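Enquirer: My questions will all concern the structure given below.
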Amino acid sequence: MNKMSIRDVDVKGKRCLVRVDFNVPMKDGVITDETRINGALPTIKYLIEHGAKVILCSHMGKPHNVLDAKIKLNKKEKAAVEALPAEEQEKATAEYIEKAKKDLKKLTLKPVAERLSEKLGQPVTFATDVVGESAEKAVANIKDGEVVLLENTRFYAGEEKRDEEFCKKLASYCDIYVNDAFGTAHRSHATTAAIVEYGFVKTAVCGFLIEKELSVMADALEHPVRPFVAILGGAKVADKLKVISNLLEKCDTLIIGGGMSYTFLKAKGYEVGTSLVDDEQIGYCKDMMKKAEELGKKLLLPVDATITKDFPNPIDAPIDVTVVDIDKIPADYMALDIGTKTAALYAEEVKNAKTVIWNGPMGVFENPILAKGTASVAKALAETSATTIIGGGDSAAAVTSLGYADKMTHISTGGGASLELFEGKKLPGIECLNDKK
């Protein structure tokens, strides 16, 4: 993790291509959550204050179509057109293409440029493309301390395909590449890694956001103050196979909650009714419980559960629930949250910890009736004196919505990247950066 940051290079007068994560939620062209923009501000402000020419790039969403290719109908649209009478097909095709163009406009970064201008107190030039005439002109005219934001990088097929020509063109814009998008550091795309891996940019460093993510999370994983407690939740065991195995080797206690816990409980011999179970991972769960025993680690599973007959539809609909001991789940009921005894057990373990990391909810937290387990874990983390690290995703959303965000030591900006870090994986967006000398 010993990577160079913007502090380690002279940026004055240099063109810095900064990969940020401006994949912000939008509604009717209005940004509804500015967390990711705020996370990038320290790096952007530092570069401005030190006289750099700042060229920002980011993706936004997952566009079905791209700007550098002819807009095509997807399989579903094509089938719908072909089912129509011949004389209606041309008109229907045109309507689908028009819709695709409108969908692309919804994913423009222009509103981000406008909001960023307000936050920085200076104009941010918005380029309406990434490797076209608008971007070239903006970069050619940029002066020290000025900022340009390029259009959505995923409007170009070359972004996800790691196209060499696309990378080469982007590299021509800069003297220094800066990655400050931890949320996409696990992606090996053009602007997250390939531009450096191909050798088109020689000076590649991280910004303050990635620097913080690495220093806090990597340090917790490699040099934790003990007792070290790891909490994993979420729906599927299969999503966290390597995470479970890797964390068992590093932590003192591994707490399992969420849908994935019922596969472990079934592996232990419990009847779990119609609860979510991944039968293919029963053997893996047995292996992990054996591994914990052999390593002398505690592996905690729910001792009671909040159960109901039917999954709520819609997900936040009112439902009738009851709490039963884990060996009392009826055959026609499903467990959708941990119970009160389990919440107390997990809270006590957190209370005695010195380092805690958490990724994944304890139940179907989108439903207020089934969010009590997740809320109890969040409250326990808020009240402990331990170092508390939230591994992004649903856990980050939960502590934020419950008002505990300011009580956490660190909330990661990248759920997927955090998980891969917890797995012990190397992240392409980090690996490609220059090592400190």
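If you're wondering about the labels, chains in the structure tokens are A, B, ... by order shown, residues count from 1 in each chain, ligands from 1 in order shown.
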Excluding range 128-136 of chain A and its own-chain neighbours fewer than 2 positions away, which residues fall within 7 Å of it when counting only C-alpha atoms? Please give them as a PyMOL selection string.
Expert: chain A and resi 126+138-140+150-151+153+169-170
Enquirer: Could you find all residues in range 57-205 of chain A that DSSP calls helix (DSSP H, G or I) from the backbone, and write them as number ranges by chain?
Expert: A: 75-82, 86-106, 110-120, 133-141, 153-155, 157-161, 164-171, 182-184, 190-197
Enquirer: If you keep C-alpha atoms, can you produce a file of those selected residues as a PDB file, in the first residue's frame?
Expert:
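Final output, saved to selection.pdb:
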```
ATOM      1  CA  LYS A  75     -32.291  -7.766 -27.621  1.00  0.00           C
ATOM      2  CA  LYS A  76     -35.586  -6.966 -25.920  1.00  0.00           C
ATOM      3  CA  GLU A  77     -36.172  -3.855 -28.048  1.00  0.00           C
ATOM      4  CA  LYS A  78     -35.214  -5.684 -31.229  1.00  0.00           C
ATOM      5  CA  ALA A  79     -37.659  -8.505 -30.470  1.00  0.00           C
ATOM      6  CA  ALA A  80     -40.432  -5.989 -29.785  1.00  0.00           C
ATOM      7  CA  VAL A  81     -39.827  -4.279 -33.134  1.00  0.00           C
ATOM      8  CA  GLU A  82     -39.703  -7.558 -35.057  1.00  0.00           C
ATOM      9  CA  ALA A  86     -43.452  -4.429 -41.245  1.00  0.00           C
ATOM     10  CA  GLU A  87     -44.905  -0.970 -41.898  1.00  0.00           C
ATOM     11  CA  GLU A  88     -44.617  -0.045 -38.183  1.00  0.00           C
ATOM     12  CA  GLN A  89     -41.057  -1.271 -37.589  1.00  0.00           C
ATOM     13  CA  GLU A  90     -39.174   1.786 -38.872  1.00  0.00           C
ATOM     14  CA  LYS A  91     -41.168   4.178 -36.687  1.00  0.00           C
ATOM     15  CA  ALA A  92     -40.770   1.958 -33.594  1.00  0.00           C
ATOM     16  CA  THR A  93     -36.990   1.695 -34.183  1.00  0.00           C
ATOM     17  CA  ALA A  94     -36.735   5.486 -34.402  1.00  0.00           C
ATOM     18  CA  GLU A  95     -38.664   5.846 -31.140  1.00  0.00           C
ATOM     19  CA  TYR A  96     -36.352   3.428 -29.325  1.00  0.00           C
ATOM     20  CA  ILE A  97     -33.286   5.314 -30.623  1.00  0.00           C
ATOM     21  CA  GLU A  98     -34.761   8.626 -29.495  1.00  0.00           C
ATOM     22  CA  LYS A  99     -35.390   7.126 -26.050  1.00  0.00           C
ATOM     23  CA  ALA A 100     -31.781   5.868 -25.928  1.00  0.00           C
ATOM     24  CA  LYS A 101     -30.525   9.399 -26.667  1.00  0.00           C
ATOM     25  CA  LYS A 102     -32.693  10.786 -23.853  1.00  0.00           C
ATOM     26  CA  ASP A 103     -31.402   8.095 -21.486  1.00  0.00           C
ATOM     27  CA  LEU A 104     -27.829   9.101 -22.328  1.00  0.00           C
ATOM     28  CA  LYS A 105     -28.633  12.726 -21.496  1.00  0.00           C
ATOM     29  CA  LYS A 106     -29.798  11.622 -18.040  1.00  0.00           C
ATOM     30  CA  LYS A 110     -23.029  18.561 -16.583  1.00  0.00           C
ATOM     31  CA  PRO A 111     -25.071  19.025 -13.349  1.00  0.00           C
ATOM     32  CA  VAL A 112     -22.003  17.855 -11.416  1.00  0.00           C
ATOM     33  CA  ALA A 113     -19.830  20.494 -13.126  1.00  0.00           C
ATOM     34  CA  GLU A 114     -22.356  23.173 -12.176  1.00  0.00           C
ATOM     35  CA  ARG A 115     -22.532  22.053  -8.520  1.00  0.00           C
ATOM     36  CA  LEU A 116     -18.764  21.678  -8.311  1.00  0.00           C
ATOM     37  CA  SER A 117     -18.355  25.284  -9.545  1.00  0.00           C
ATOM     38  CA  GLU A 118     -20.484  26.444  -6.622  1.00  0.00           C
ATOM     39  CA  LYS A 119     -18.558  24.358  -4.093  1.00  0.00           C
ATOM     40  CA  LEU A 120     -15.149  25.497  -5.358  1.00  0.00           C
ATOM     41  CA  GLU A 133     -13.205  18.484 -29.961  1.00  0.00           C
ATOM     42  CA  SER A 134     -14.772  19.938 -26.789  1.00  0.00           C
ATOM     43  CA  ALA A 135     -12.338  18.146 -24.440  1.00  0.00           C
ATOM     44  CA  GLU A 136      -9.319  18.965 -26.620  1.00  0.00           C
ATOM     45  CA  LYS A 137     -10.213  22.664 -26.663  1.00  0.00           C
ATOM     46  CA  ALA A 138     -10.857  22.799 -22.900  1.00  0.00           C
ATOM     47  CA  VAL A 139      -7.547  21.094 -22.094  1.00  0.00           C
ATOM     48  CA  ALA A 140      -5.615  23.260 -24.587  1.00  0.00           C
ATOM     49  CA  ASN A 141      -6.969  26.457 -22.992  1.00  0.00           C
ATOM     50  CA  THR A 153     -16.228   8.285 -19.512  1.00  0.00           C
ATOM     51  CA  ARG A 154     -18.659   5.377 -19.974  1.00  0.00           C
ATOM     52  CA  PHE A 155     -20.199   7.194 -22.931  1.00  0.00           C
ATOM     53  CA  ALA A 157     -16.873   1.908 -25.302  1.00  0.00           C
ATOM     54  CA  GLY A 158     -13.118   2.275 -24.826  1.00  0.00           C
ATOM     55  CA  GLU A 159     -13.522   2.971 -21.101  1.00  0.00           C
ATOM     56  CA  GLU A 160     -14.656  -0.498 -20.026  1.00  0.00           C
ATOM     57  CA  LYS A 161     -12.853  -2.242 -22.913  1.00  0.00           C
ATOM     58  CA  GLU A 164      -5.406   1.567 -26.137  1.00  0.00           C
ATOM     59  CA  GLU A 165      -6.231   4.457 -28.470  1.00  0.00           C
ATOM     60  CA  PHE A 166      -8.739   5.801 -25.962  1.00  0.00           C
ATOM     61  CA  CYS A 167      -6.086   5.604 -23.208  1.00  0.00           C
ATOM     62  CA  LYS A 168      -3.434   7.206 -25.432  1.00  0.00           C
ATOM     63  CA  LYS A 169      -5.705  10.146 -26.209  1.00  0.00           C
ATOM     64  CA  LEU A 170      -6.518  10.675 -22.535  1.00  0.00           C
ATOM     65  CA  ALA A 171      -2.832  10.438 -21.637  1.00  0.00           C
ATOM     66  CA  PHE A 182     -11.580   4.394  -4.459  1.00  0.00           C
ATOM     67  CA  GLY A 183     -15.091   3.255  -5.369  1.00  0.00           C
ATOM     68  CA  THR A 184     -13.815   2.109  -8.789  1.00  0.00           C
ATOM     69  CA  ALA A 190      -9.184   2.727 -19.084  1.00  0.00           C
ATOM     70  CA  THR A 191      -9.358   5.632 -16.638  1.00  0.00           C
ATOM     71  CA  THR A 192      -8.919   3.555 -13.466  1.00  0.00           C
ATOM     72  CA  ALA A 193      -5.786   1.596 -14.409  1.00  0.00           C
ATOM     73  CA  ALA A 194      -5.102   0.893 -18.107  1.00  0.00           C
ATOM     74  CA  ILE A 195      -3.890   4.425 -18.937  1.00  0.00           C
ATOM     75  CA  VAL A 196      -0.960   3.746 -16.573  1.00  0.00           C
ATOM     76  CA  GLU A 197      -0.587  -0.006 -17.195  1.00  0.00           C
TER      77      GLU A 197
END
```
Enquirer: List every residue of range 241-349 of chain A that has an atom at most 6 Å from any atom of range 372-387 of chain A, giving for each one its closest atom pair and the distance in Å to one decimal, counting only C-alpha atoms, sorted by chain and then by ascending residue number, as CSV.
Expert:
```
residue,atom,partner,partner_atom,distance
A:Ile338,CA,A:Gly373,CA,5.4
A:Ala343,CA,A:Gly373,CA,5.9
A:Ala347,CA,A:Ala380,CA,5.2
```
Enquirer: Could you pull out the strand (DSSP E or B) residues of range 219-295 of chain A from DSSP and send them as a list in words?
Expert: Phe228, Val229, Ala230, Ile231, Leu232, Thr253, Leu254, Ile255 and Ile256 of chain A
Enquirer: My list of candidates is A:Asp435, A:Asp180, A:Asp316, A:Asp394. Which is closest to Val20 in chain A when distances are computed with only C-alpha atoms?
Expert: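 The closest residue to Val20 in chain A is A:Asp180.
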Enquirer: From the list A:Leu248, A:Val356, A:Ile329, A:Ile256, which residue is nearest Glu294 in chain A when using only C-alpha atoms?
Expert: A:Leu248
Enquirer: May I ask for the distance between CA of Ser188 in chain A and CA of Ile430 in chain A, given in Å to one decimal place?
Expert: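 Calculated distance between CA of Ser188 in chain A and CA of Ile430 in chain A is 10.2 Å.
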Enquirer: From the list A:Gly429, A:Gly269, A:Gly199, A:Pro123, which residue is nearest Lys3 in chain A when using only C-alpha atoms?
Expert: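 The answer is A:Gly429, which sits nearest to Lys3 in chain A.
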Enquirer: For the atom pair CA of Glu366 in chain A and CA of Asp239 in chain A, what is the interatomic distance in Å to one decimal place?
Expert: 19.4 Å
Enquirer: With distances taken over only C-alpha atoms, which of A:Lys242, A:Ala317, A:Cys206, A:Leu17 is nearest to Ser172 in chain A?
Expert: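 Under the stated criterion, the closest residue is A:Leu17.
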Enquirer: Need the shell around range 214-224 of chain A: protein/DNA/RNA residues with any atom at most 12 Å away, counting only C-alpha atoms. Skip same-chain ones fewer than 3 positions apart. Format as a PyMOL selection string?
Expert: chain A and resi 1-5+180+182+185+206-211+227-230+243+246-252+353-358+386-392+409-414+417-427+429-431
Enquirer: Quick one: pull the distance between CA of Val11 in chain A and CA of Arg187 in chain A, Å, one decimal.
Expert: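 Between CA of Val11 in chain A and CA of Arg187 in chain A the gap works out to 26.1 Å.
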Enquirer: Taking into account only C-alpha atoms, which residue in the set A:Thr340, A:Ser395, A:Thr32, A:Thr274 is nearest to Lys309 in chain A?
Expert: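 When distances to Lys309 in chain A are compared using only C-alpha atoms, the smallest one comes from A:Thr274.
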Enquirer: Here is a test: counting only C-alpha atoms, which residue of A:Cys57, A:Val9, A:Ala83, A:Ala292 is nearest to Ala181 in chain A?
Expert: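 Answer, going by the shortest atom-to-atom distance: A:Cys57.
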Enquirer: Which residues, written as a PyMOL selection string, have at least one atom at most 8 Å from Tyr262 in chain A, with only C-alpha atoms counted and residues fewer than 5 positions away on the same chain left out?
Expert: chain A and resi 272+275-277
